[in-house]
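To start, the structure under review is shown below, and the notes come after it.
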Amino acid sequence: MEALALDVRLDGYNDPVGVLVRDDRGAVAFAYKAEYVSDPDATALSLSLPLSPEPYEDVVTRPFFDNLLQERDSALADIMAREGLARDDIAGLLLHLGKDCAGALSVLPIGAPPVKVPGDYDHDYTPIAPGRLELIVDSLHKRRRLPEGTEDPSPLAGMQSKIALTVLPDGRLAEPNPGTGAPTTHILKVPDQEHLQDALLEAEAMDLSRALGFETAEVVVTPVANINTLLVTRFDRGLDRQGKIVRIHQEDFAQALGLPASLKYERRGVEGRRYDVSGIRKVLEATNDPAGEKDRFIRATLFDLLVGNADGHAKNFALLFERGQRPRVAPRYDILPTRLDDSLTDELAFSIGPARRLQEISAQDFEEFLRVMGVDSSAARRRVRTRYSDEIASALAAQLDGLSQHGMKRFADLIASNIRTLFDSFELDVPDAAKERDAFIGSAGGWLLS
């Protein structure tokens with residue numbers, strides 16, 4: 001194997017911020033440019049790669065850059081076959097795919113000019129004709145190859161079919177013109193043929209999150225060709241003083257913890273190298289508001305338990321980086337009541353104490369979760385468990401009738417059942433609105449909502 005060196009660029013900086021190298025044995029390393037490290041406005045690429053003049057070896061470098069590639073190996077199949085590359089050849093893959101990394105980063109041949117620049121609404125985008133949009137959605141829905149001339153959505157992480165687009169000021173959907181390097185502003189998520197209600201369910205869950213006071217990405221259900229898609233506003237975008245679209249650097253919690261995408265669930269790792277509560281606390285304590293972010297994460301965990309989102313894995317939480325500042329936690333995204341789908345596991349992405357499922361969680365388990373999150377005294381842990389559980393359950397219970405009126409009775413029954421299960425374990429009084437609702441039946445309804 002030949003040695004390889006690549007420039008690492010961060011949108012908004014004129015020069016490369018570092019170099020990714022592969023040696024003749026296939027090991028990779030990363031080093032920041034000395035002039036970048038000395039820049040007072042420099043931004044670390046990751047909590048796992050803090051600014052330093054010293055290079056980072058393979059064990060630290062590989063997980064971060066591996067996370068820049070698509071999770072679904074099928075999306076990499078063509079380039080691997082054409083170039084004869086192995087999946088673990090991170091630098092080799094990024095040589096061909098690095099210009100399209102998700103977010104503000106790009107990985108390019110040494111000396112190559114920037115490929116990501118701010119976007120001008122008036123010049124850098126072409127509206128998508130309705131017929132073409134229908135073809136794109138149908139291809140994603142059926143998991144087929146996209147229409148000719150459409151950019152592959154592979155830079156977007158996750159297992160759902162999706163494509164990055166831009167919403168113009170007049171509301172039309174558009175694609176960046178080839179070669180402009182202009183950012184997209186939205187993600188269009190398209191359910192597959194087995195999960196036709198995903199967009200409706202995710203929109204309701206995200207709306208509940210927002211209603212309960214969590215900063216949450218904006219979503220709109222958008223019917224295309226009789227398929228309900230979900231249009232999600234990107235949280236890693238902004239406007240500069242000239243009104244141009246700019247990218248904001250972000251990383252997910254897997255990257256922040258130095259974990260590859262394959263270890264995004266606690267159950268896949270080992271102690272000291274896994275996504276667990278102690279790791280989450282470590283990330284939150286590195287933010288611009290450690291106490292506030294830990295408090296919000298505790299509340300979000302209760303929210304996810306009660307709405308049936310068992311998929312709060314390390315790639316479903318992210319940090320936003322801005323020049324010269326500590327990172328902040330990104331708005332909530334990818335909230336889906338996964339327990340409505342009998343084909344998915346009900347095992348939680350990270351354990352609550354020793355408990356791995358909602359029905360296993362005791363008061364002591366949740367207080368152990370709080371202890372690891374940094375709530376020191378046993379009296380404080382009891383107060384937090386009781387008060388936060390009551391506040392979040394009561395707020396959700398007040399939304400149950402509205403969910404039923406939207407055709408989401410089964411989702412409402414799931415929430416009510418989850419409240420009763422957790423509150424029985426916590427020996428708390430169940431809110432009246434959740435007491436008498438029908439029991440949630442996991443297998444009978446499939447994805448039917450009512």
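Ligands are numbered from 1 in the order shown, chains are lettered A, B, ... in the order of the structure tokens, and residues start at 1 in each chain.
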- Query: What lies within 6 Å of range 185-188 of chain A using only C-alpha atoms, ignoring chain neighbours under 6 positions off, as a list in words?
  - Reply: Lys162, Ile163, Ala164, Leu165, Thr166, Leu230, Leu231, Val232, Thr233 and Arg234 of chain A
- Query: Could you pull the residues within 7 Å of range 4-14 of chain A, counting only C-alpha atoms, minus those fewer than 5 positions along the same chain, as a ChimeraX atom specification?
  - Reply: /A:19-23,104-110,116-117,247
Pull N, CA, C and O atoms from the residues just selected and write them as a PDB file, in the first residue's frame.
```pdb
ATOM      1  N   VAL A  19      -3.709  17.853   8.229  1.00  0.00           N
ATOM      2  CA  VAL A  19      -3.344  16.860   7.228  1.00  0.00           C
ATOM      3  C   VAL A  19      -3.680  15.469   7.760  1.00  0.00           C
ATOM      4  O   VAL A  19      -3.343  15.134   8.908  1.00  0.00           O
ATOM      5  N   LEU A  20      -4.342  14.680   6.925  1.00  0.00           N
ATOM      6  CA  LEU A  20      -4.610  13.268   7.212  1.00  0.00           C
ATOM      7  C   LEU A  20      -3.648  12.441   6.374  1.00  0.00           C
ATOM      8  O   LEU A  20      -3.552  12.640   5.156  1.00  0.00           O
ATOM      9  N   VAL A  21      -2.920  11.535   7.020  1.00  0.00           N
ATOM     10  CA  VAL A  21      -1.948  10.718   6.282  1.00  0.00           C
ATOM     11  C   VAL A  21      -2.223   9.235   6.522  1.00  0.00           C
ATOM     12  O   VAL A  21      -2.741   8.836   7.567  1.00  0.00           O
ATOM     13  N   ARG A  22      -1.871   8.457   5.500  1.00  0.00           N
ATOM     14  CA  ARG A  22      -1.905   6.994   5.594  1.00  0.00           C
ATOM     15  C   ARG A  22      -0.521   6.483   5.271  1.00  0.00           C
ATOM     16  O   ARG A  22       0.079   6.887   4.264  1.00  0.00           O
ATOM     17  N   ASP A  23       0.011   5.613   6.135  1.00  0.00           N
ATOM     18  CA  ASP A  23       1.345   5.082   5.856  1.00  0.00           C
ATOM     19  C   ASP A  23       1.250   3.835   4.993  1.00  0.00           C
ATOM     20  O   ASP A  23       0.150   3.396   4.611  1.00  0.00           O
ATOM     21  N   ALA A 104     -19.260  20.700   7.614  1.00  0.00           N
ATOM     22  CA  ALA A 104     -18.353  21.760   7.171  1.00  0.00           C
ATOM     23  C   ALA A 104     -16.974  21.253   6.767  1.00  0.00           C
ATOM     24  O   ALA A 104     -16.155  22.018   6.273  1.00  0.00           O
ATOM     25  N   LEU A 105     -16.699  19.982   6.973  1.00  0.00           N
ATOM     26  CA  LEU A 105     -15.378  19.428   6.671  1.00  0.00           C
ATOM     27  C   LEU A 105     -15.301  18.895   5.254  1.00  0.00           C
ATOM     28  O   LEU A 105     -16.291  18.402   4.695  1.00  0.00           O
ATOM     29  N   SER A 106     -14.109  18.961   4.682  1.00  0.00           N
ATOM     30  CA  SER A 106     -13.817  18.263   3.436  1.00  0.00           C
ATOM     31  C   SER A 106     -12.389  17.728   3.526  1.00  0.00           C
ATOM     32  O   SER A 106     -11.538  18.307   4.205  1.00  0.00           O
ATOM     33  N   VAL A 107     -12.162  16.604   2.865  1.00  0.00           N
ATOM     34  CA  VAL A 107     -10.847  15.965   2.852  1.00  0.00           C
ATOM     35  C   VAL A 107     -10.450  15.836   1.389  1.00  0.00           C
ATOM     36  O   VAL A 107     -11.138  15.167   0.604  1.00  0.00           O
ATOM     37  N   LEU A 108      -9.341  16.486   1.013  1.00  0.00           N
ATOM     38  CA  LEU A 108      -9.009  16.677  -0.396  1.00  0.00           C
ATOM     39  C   LEU A 108      -7.555  16.341  -0.674  1.00  0.00           C
ATOM     40  O   LEU A 108      -6.715  16.326   0.243  1.00  0.00           O
ATOM     41  N   PRO A 109      -7.223  16.097  -1.942  1.00  0.00           N
ATOM     42  CA  PRO A 109      -5.805  15.928  -2.293  1.00  0.00           C
ATOM     43  C   PRO A 109      -4.998  17.162  -1.883  1.00  0.00           C
ATOM     44  O   PRO A 109      -5.512  18.289  -1.881  1.00  0.00           O
ATOM     45  N   ILE A 110      -3.749  16.939  -1.529  1.00  0.00           N
ATOM     46  CA  ILE A 110      -2.878  18.041  -1.111  1.00  0.00           C
ATOM     47  C   ILE A 110      -2.851  19.140  -2.176  1.00  0.00           C
ATOM     48  O   ILE A 110      -2.651  18.867  -3.358  1.00  0.00           O
ATOM     49  N   LYS A 116     -16.024  23.667  -0.601  1.00  0.00           N
ATOM     50  CA  LYS A 116     -17.212  24.083   0.155  1.00  0.00           C
ATOM     51  C   LYS A 116     -17.114  25.586   0.420  1.00  0.00           C
ATOM     52  O   LYS A 116     -16.156  26.051   1.041  1.00  0.00           O
ATOM     53  N   VAL A 117     -18.100  26.307  -0.068  1.00  0.00           N
ATOM     54  CA  VAL A 117     -18.119  27.759   0.088  1.00  0.00           C
ATOM     55  C   VAL A 117     -19.547  28.185   0.431  1.00  0.00           C
ATOM     56  O   VAL A 117     -20.495  27.414   0.275  1.00  0.00           O
ATOM     57  N   ARG A 247     -22.029  26.955   6.467  1.00  0.00           N
ATOM     58  CA  ARG A 247     -22.035  25.742   7.279  1.00  0.00           C
ATOM     59  C   ARG A 247     -21.477  26.040   8.669  1.00  0.00           C
ATOM     60  O   ARG A 247     -20.536  26.812   8.808  1.00  0.00           O
TER      61      ARG A 247
END
```
- Quick one: residues within 9 Å of range 133-138 of chain A, only C-alpha atoms counted, chain neighbours fewer than 5 positions away excluded, as an NGL selection string? :A and (128 or 143-144 or 146-147 or 150 or 162-163 or 173 or 188-190 or 224-225 or 227 or 229)
- From the list A:Pro55, A:Pro50, A:Pro223, A:Gly18, the nearest residue to Ala256 in chain A using only C-alpha atoms is A:Pro50
List every residue of range 204-264 of chain A that has an atom at most 12 Å from any atom of range 284-295 of chain A, giving for each one its closest atom pair and the distance in Å to one decimal, counting only C-alpha atoms, sorted by chain and then by ascending residue number, as a tab-separated table.
```
residue	atom	partner	partner_atom	distance
A:Phe214	CA	A:Glu293	CA	11.2
A:Glu215	CA	A:Glu293	CA	11.5
A:Phe253	CA	A:Leu284	CA	9.6
A:Ala256	CA	A:Ala286	CA	9.9
A:Leu257	CA	A:Leu284	CA	10.9
```
Limited to C-alpha atoms, could you put the picked residues into a file as a short mmCIF file (atom, residue, chain, number, x, y, z; two decimals), in the first residue's frame?
```cif
data_model
loop_
_atom_site.label_atom_id
_atom_site.label_comp_id
_atom_site.auth_asym_id
_atom_site.auth_seq_id
_atom_site.Cartn_x
_atom_site.Cartn_y
_atom_site.Cartn_z
CA PHE A 214 -36.56 21.21 24.21
CA GLU A 215 -34.68 23.01 21.46
CA PHE A 253 -21.35 12.17 20.21
CA ALA A 256 -16.73 13.41 20.33
CA LEU A 257 -16.04 10.20 22.28
#
```
- Item | Interatomic distance, CA of Asp311 in chain A to CA of Ala349 in chain A (Å, one decimal) |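 Taking CA of Asp311 in chain A and CA of Ala349 in chain A, their separation equals 5.5 Å.
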- Query: Running DSSP on the backbone, which parts of range 223-423 of chain A land in alpha helix (DSSP H), as a ChimeraX atom specification?
  - Reply: /A:253-256,277-284,290-307,363-372,378-397,400-405,409-423
- Query: From the set A:Asp15, A:Tyr121, A:Leu69, A:Leu336, which residue has the shortest atom-to-atom contact distance to Asp100 in chain A, counting only C-alpha atoms?
  - Reply: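 Closest to Asp100 in chain A, using only C-alpha atoms: A:Leu69.
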- Message: Applying 9 Å and only C-alpha atoms, which residues near Asp390 in chain A remain after dropping the ones on its own chain fewer than 3 positions away? List them as JSON, numbers by chain.
- Response: {"A": [385, 386, 387, 393, 394, 395, 423, 428, 429, 430, 431]}
Can you write out as CSV which residues of range 49-81 of chain A fall within 12 Å of range 90-94 of chain A, alongside each residue's closest atom pair and its distance in Å to one decimal, counting only C-alpha atoms and ordering rows by chain and ascending residue number?
```
residue,atom,partner,partner_atom,distance
A:Asp58,CA,A:Ile90,CA,10.6
A:Thr61,CA,A:Ile90,CA,10.0
A:Arg62,CA,A:Ile90,CA,7.3
A:Pro63,CA,A:Ile90,CA,9.5
A:Phe64,CA,A:Ile90,CA,10.2
A:Phe65,CA,A:Ile90,CA,7.0
A:Asp66,CA,A:Ile90,CA,6.1
A:Asn67,CA,A:Ile90,CA,9.7
A:Leu68,CA,A:Leu94,CA,8.6
A:Leu69,CA,A:Leu94,CA,7.9
A:Gln70,CA,A:Leu93,CA,10.9
A:Asp73,CA,A:Leu93,CA,11.9
A:Ala75,CA,A:Leu93,CA,11.8
A:Leu76,CA,A:Leu93,CA,8.4
A:Ala77,CA,A:Leu93,CA,10.7
A:Asp78,CA,A:Leu93,CA,11.0
A:Ile79,CA,A:Leu93,CA,7.6
A:Met80,CA,A:Leu93,CA,7.6
A:Ala81,CA,A:Leu93,CA,11.1
```
- Please report, as a VMD selection string, each residue of range 189-279 of chain A to which DSSP assigns strand (DSSP E or B) when run on this structure's backbone. chain A and resid 189 to 190 216 219 to 224 227 to 233 237 to 239 245 to 247 250 to 252 270 273
- Near-Ala203 in chain A list (12 Å; only C-alpha atoms; drop same-chain fewer than 6 positions) as an MDAnalysis selection string: chainID A and resid 189 197 209:210 216:222 228:232 333:337 403 406 408
- Counting only C-alpha atoms, the option among A:Arg339, A:Gly26, A:Arg172, A:Asp252 closest to Ala86 in chain A: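 Using only C-alpha atoms, the shortest distance to Ala86 in chain A belongs to A:Gly26.
Distances to Asp120 in chain A were evaluated for A:Lys99, A:Lys244, A:Arg274, A:Arg145 using only C-alpha atoms, and the minimum falls at A:Lys244.
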- Task: Go ahead and compute the interatomic distance for CA of Leu414 in chain A and CA of Ala397 in chain A, in Å to one decimal.
- Result: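 Distance between the two atoms: 11.2 Å.
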